[in-house]
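Undergrad: Quick one: the structure is below, and I'll ask about it shortly.
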Amino acid sequence: MKLKFTALGLLLFLAVIANAQRKPRNTTNDTIKSNYVPSDLFSPLFYSEKGNEFHSANGDPGPKYWQNRVDYQLKANIDTATKTLSCDENITYTNNSPDALQFLWLQMDQNTYKKDARSNFVTGFQPGANQHTDGYQVESVYILQNGKTQKAVYVITDTRMQIRLPMAVTAHGGKINLLIKYHYTIPGDFGGRTDHVLTKNGRIYEIAQWFPRMCVYDDTRGWDTLPFLGAGEFYCEYGDIDYSVTVPADMIVAGSGELVNPAEVLTAKQISRLTAARNSDKTIMIRTPQEVTDASSRPVHKGTLTWHFKMANTRDVAFGASNAYVWDAARVNLPGGKKSLAMSVYPVESVGNDAWGRATEYLKGSIEYFSEKWFVYPYPVAINEAGIAGGMEYPGIVFDGINDKGKELFWVTAHEIGHNWFPMIVGSDERRYGWMDEGFNTFIDVYASDAFNHGEFAPKRDGEYAPRGGNPADEIIPTLLDPNAPTIMTAADAIAEKYRHPIVYFKPAFGLVLLREQILGKDRFDYAFRNYIHKWAYKHPQPDDFFRSMENGAGEDLSWYWKGWFYNNYKLDLELVSAKYVSGNAKNGIQVTVVNKEQMSMPFTIEVKLKDGSKKRISLPVETWLQNKATTFTIPTTTEAESVTVDPDNALPDINRGNNSLKVK
């Protein structure tokens with residue numbers, strides 16, 4: 001028999017068939033008390049823009065991705081009597097962008113110490129009267145363009161300098177040189193990231209953010225001219241840096257990059273010891289504690305010496321200088337048979353295997369782990385320097401606490417050298433997106449602690465990952481419950497100090513742990529994360545590049561996760577509301593109902609504890625919550641059970657663990 005349908009009749013018929021074929025596992029959505037709205041979390045329009053020729057849809061740099069280049073030549077001198085650094089700077093700027101640049105912008109970070117600096121007013125806290133300097137004292141600025149040298153027209157605004165050019169720097173490879181002569185007073189112990197402090201055998205200088213650096217010009221917003229306010233750290237271009245530092249002859253300089261004139265500034269004994277260290281997995285003393293006060297540990301005893309360093313393909317350089325340094329070193333073994341050199345410099349007050357005597361071991365172990373796991377350390381030297389900056393990172397050198405010991409010294413060493421991967425290698429904009437710097441680095445630290453010396457300092461439980469030393473999943477809950485807490489995507493300088501570690505360090509780091517261990521699995525996560533690092537090494541990724549790269553590399557639409565965890569502080573509360581035998585018989589299995597009560601969703605594990613002492617687990621994917629606020633399913637069993645528990649390992653940030661378990665009825 002032939003059936004005849006009108007158009008409306010056909011639609012009705014198809015609807016009936018579709019409903020007959022659809023057998024929902026959940027039928028109680030309308031009566032469940034829950035704040036969860038599946039359509040809010042799983043709406044498809046997460047990315048506001050499509051991929052383009054600069055930033056591809058798959059998270060890679062696009063086929064027309066470009067990046068400007070900056071090379072520096074720096075000749076610095078430290079006057080220890082006046083605590084003044086003076087410098088002649090020659091910047092070679094290459095404009096690879098498609099735009100002609102009529103003006104240039106530079107970062108002037110030392111101006112953050114001036115009395116009227118904007119950074120003094122971010123928190124309403126004014127530094128003390130003796131906690132200021134006059135910032136950069138610019139003596140002259142010249143430009144060298146098309147073979148002609150002339151005085152530059154420039155304007156300094158807080159921590160930025162604009163140079164207004166008589167002729168634009170041409171697109172697609174145009175070059176210009178900036179010649180800047182300046183000096184500044186080195187901040188004292190109030191410097192934070194750069195300072196000087198007196199120790200038993202002499203003064204230690206930690207010199208960072210010491211030369212005007214070019215602002216980044218990129219395809220996202222053109223010139224990135226955010227002022228330096230403190231919390232939002234750096235965004236810099238890559239290039240080669242050739243720098244020299246002239247200091248009193250009795251001082252040791254430990255700087256980013258490779259020392260290229262050792263014969264001029266070291267003794268024959270120190271050069272021999274460094275050669276031995278390059279071939280030793282055990283730490284070799286280069287300058288012993290006893291030699292610190294021995295004049296023969298320096299090649300000359302009067303006047304000054306100039307230390308000359310070079311560093312290729314870097315965003316920045318920093319250095320420490322002191323006549324009080326004890327110095328040791330050891331070989332770093334890298335994948336593919338490559339080698340680097342780990343070194344530590346510290347005063348006699350920090351000597352001892354419970355303190356800085358193991359600093360080079362910590363540095364070496366961290367670099368070897370990060371290189372094997374994620375990306376090979378690219379620089380010839382890595383330095384751990386002891387001072388009062390107390391934990392600060394620059395390419396190839398870290399400033400760690402002079403009084404740090406044991407696990408605290410290991411953790412701060414691993415964390416600060418880890419920054420060489422984020423953001424020194426993967427050059428994200430940490431002035432805007434602090435989480436792409438601190439959060440990513442804190443994440444890789446967690447596993448470095450597990451790996452070092454068979455877990456000597458594992459698990460990682462410090463103020464950056466688990467502030468109160470407890471279960472990380474539980475420790476994020478106070479932040480999630482705080483209605484005033486900012487989100488991860490908040491501008492770095494807009495996050496109050498109260499929330500800085502929880503939001504910039506801990507939440508993104510724990511978020512990546514969840515992504516690796518609960519959502520994607522270790523293999524898929526590691527593959528995608530390595531791909532992201534390799535594709536964006538020495539380049540400038542934006543947040544969407546990371547999100548897209550992880551989704552493409554792992555093969556998952558993770559927009560729900562980025563939305564709930566990174567753009568919002570959505571809470572998770574999985575409640576086990578029912579656990580009973582099917583038809584009252586254990587052999588028929590246990591029927592379980594779980595309700596999602598808050599805005600966030602997660603895949604989850606459920607465990608049955610049987611009366612014979614054994615346990616059985618099943619895992620449910622995030623798609624469980626794609627349509628429903630509740631899910632009901634049967635766990636196969638053949639014997640009687642005692643209890644059922646959702647998230648038995650307490651791995652998820654569930655805000656109410658009191659509703660996660662039930663006795664079986």
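By order in the structure tokens, chains are A, B, ...; within a chain, residues start at 1; ligands start at 1, following the order shown.
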Using only C-alpha atoms, what table do you get, as a Markdown table, when you list each residue of range 553-609 of chain A with an atom no more than 12 Å from range 496-504 of chain A, its nearest pair of atoms, and their distance in Å rounded to one decimal, rows by chain then rising number?

TA:
```
| residue | atom | partner | partner_atom | distance |
| --- | --- | --- | --- | --- |
| A:Trp565 | CA | A:Ile503 | CA | 10.7 |
| A:Phe566 | CA | A:Ile503 | CA | 9.5 |
| A:Tyr567 | CA | A:Ile503 | CA | 11.4 |
| A:Asn568 | CA | A:Ile503 | CA | 11.2 |
| A:Asn569 | CA | A:Ile503 | CA | 9.9 |
```

Undergrad: If you run DSSP on this backbone, which residues of range 180-410 of chain A come out as helix (DSSP H, G or I), and could you give them as an MDAnalysis selection string?

TA: chainID A and resid 262:265 268:277 290:293 295:297 335:337 348:350 356:373 406:410

Undergrad: What does the file look like for those residues with C-alpha atoms, as a JSON list (two decimals), in the first residue's frame?

TA:
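Writing done, so here's selection.json:
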```
[["chain", "number", "residue", "atom", "x", "y", "z"],
["A", 262, "PRO", "CA", 87.34, 33.94, 30.23],
["A", 263, "ALA", "CA", 91.10, 34.34, 29.87],
["A", 264, "GLU", "CA", 90.77, 38.06, 30.69],
["A", 265, "VAL", "CA", 88.60, 37.78, 33.79],
["A", 268, "ALA", "CA", 93.99, 29.72, 35.07],
["A", 269, "LYS", "CA", 92.76, 27.54, 37.93],
["A", 270, "GLN", "CA", 89.16, 28.68, 37.46],
["A", 271, "ILE", "CA", 89.31, 28.05, 33.71],
["A", 272, "SER", "CA", 90.64, 24.55, 34.38],
["A", 273, "ARG", "CA", 87.91, 23.86, 36.91],
["A", 274, "LEU", "CA", 85.23, 25.06, 34.47],
["A", 275, "THR", "CA", 86.60, 22.65, 31.88],
["A", 276, "ALA", "CA", 86.30, 19.85, 34.42],
["A", 277, "ALA", "CA", 82.75, 20.91, 35.31],
["A", 290, "GLN", "CA", 87.98, 29.76, 51.38],
["A", 291, "GLU", "CA", 89.02, 31.45, 48.15],
["A", 292, "VAL", "CA", 86.42, 34.22, 48.37],
["A", 293, "THR", "CA", 88.74, 36.25, 50.61],
["A", 295, "ALA", "CA", 93.21, 37.76, 46.43],
["A", 296, "SER", "CA", 94.70, 35.04, 44.22],
["A", 297, "SER", "CA", 91.18, 34.02, 43.18],
["A", 335, "PRO", "CA", 68.66, 15.02, 24.57],
["A", 336, "GLY", "CA", 70.54, 14.17, 21.40],
["A", 337, "GLY", "CA", 73.92, 14.23, 23.12],
["A", 348, "VAL", "CA", 79.48, 32.01, 52.23],
["A", 349, "GLU", "CA", 76.34, 32.52, 54.34],
["A", 350, "SER", "CA", 74.51, 30.20, 51.93],
["A", 356, "TRP", "CA", 73.05, 26.31, 48.29],
["A", 357, "GLY", "CA", 75.57, 23.49, 48.23],
["A", 358, "ARG", "CA", 72.98, 21.57, 46.17],
["A", 359, "ALA", "CA", 71.73, 24.53, 44.12],
["A", 360, "THR", "CA", 73.55, 23.45, 40.97],
["A", 361, "GLU", "CA", 72.27, 19.89, 41.42],
["A", 362, "TYR", "CA", 68.72, 21.27, 41.59],
["A", 363, "LEU", "CA", 69.30, 23.44, 38.53],
["A", 364, "LYS", "CA", 70.85, 20.62, 36.52],
["A", 365, "GLY", "CA", 68.09, 18.15, 37.42],
["A", 366, "SER", "CA", 65.32, 20.57, 36.52],
["A", 367, "ILE", "CA", 66.80, 21.48, 33.15],
["A", 368, "GLU", "CA", 67.40, 17.85, 32.25],
["A", 369, "TYR", "CA", 63.81, 16.94, 33.10],
["A", 370, "PHE", "CA", 62.21, 19.86, 31.25],
["A", 371, "SER", "CA", 64.45, 19.23, 28.24],
["A", 372, "GLU", "CA", 63.58, 15.56, 28.05],
["A", 373, "LYS", "CA", 59.88, 16.10, 28.67],
["A", 406, "GLY", "CA", 66.10, 22.21, 51.12],
["A", 407, "LYS", "CA", 62.77, 21.73, 49.41],
["A", 408, "GLU", "CA", 62.11, 25.47, 49.22],
["A", 409, "LEU", "CA", 65.35, 25.99, 47.31],
["A", 410, "PHE", "CA", 64.58, 23.08, 44.99]]
```

Undergrad: Name the residues of range 129-258 of chain A that come out as strand (DSSP E) in a backbone DSSP run; write them as a PyMOL selection string.

TA: chain A and resi 137-145+148-151+153-157+160-169+174-185+195-199+202-207+213-214+217-218+222-223+239-248+252-255+258

Undergrad: What does the distance from CA of Ile590 in chain A to CA of Leu574 in chain A come to in Å, to one decimal?

TA: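 Value for the CA of Ile590 in chain A-CA of Leu574 in chain A distance: 18.2 Å.
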
Undergrad: With a distance cut-off of 7 Å and only C-alpha atoms, select the neighbouring residues of Tyr113 in chain A, excluding the residue or stretch itself and same-chain residues fewer than 2 positions from it, and output the selection as a PyMOL selection string.

TA: chain A and resi 110-111+115+117+132-133+135

Undergrad: What are the nearest atom pairs, with distances in Å to one decimal, for all residues of range 290-325 of chain A that come at most 10 Å from range 175-194 of chain A, using only C-alpha atoms, set out by chain and rising residue number as JSON lines?

TA:
```
{"residue": "A:Ala318", "atom": "CA", "partner": "A:Thr194", "partner_atom": "CA", "distance": 9.3}
{"residue": "A:Phe319", "atom": "CA", "partner": "A:Thr194", "partner_atom": "CA", "distance": 9.7}
{"residue": "A:Gly320", "atom": "CA", "partner": "A:Thr194", "partner_atom": "CA", "distance": 9.4}
```

Undergrad: Counting only C-alpha atoms, which residue out of A:Val245, A:Ser140, A:Asn323, A:Cys87 sits closest to Lys200 in chain A?

TA: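 Closest to Lys200 in chain A, using only C-alpha atoms: A:Asn323.
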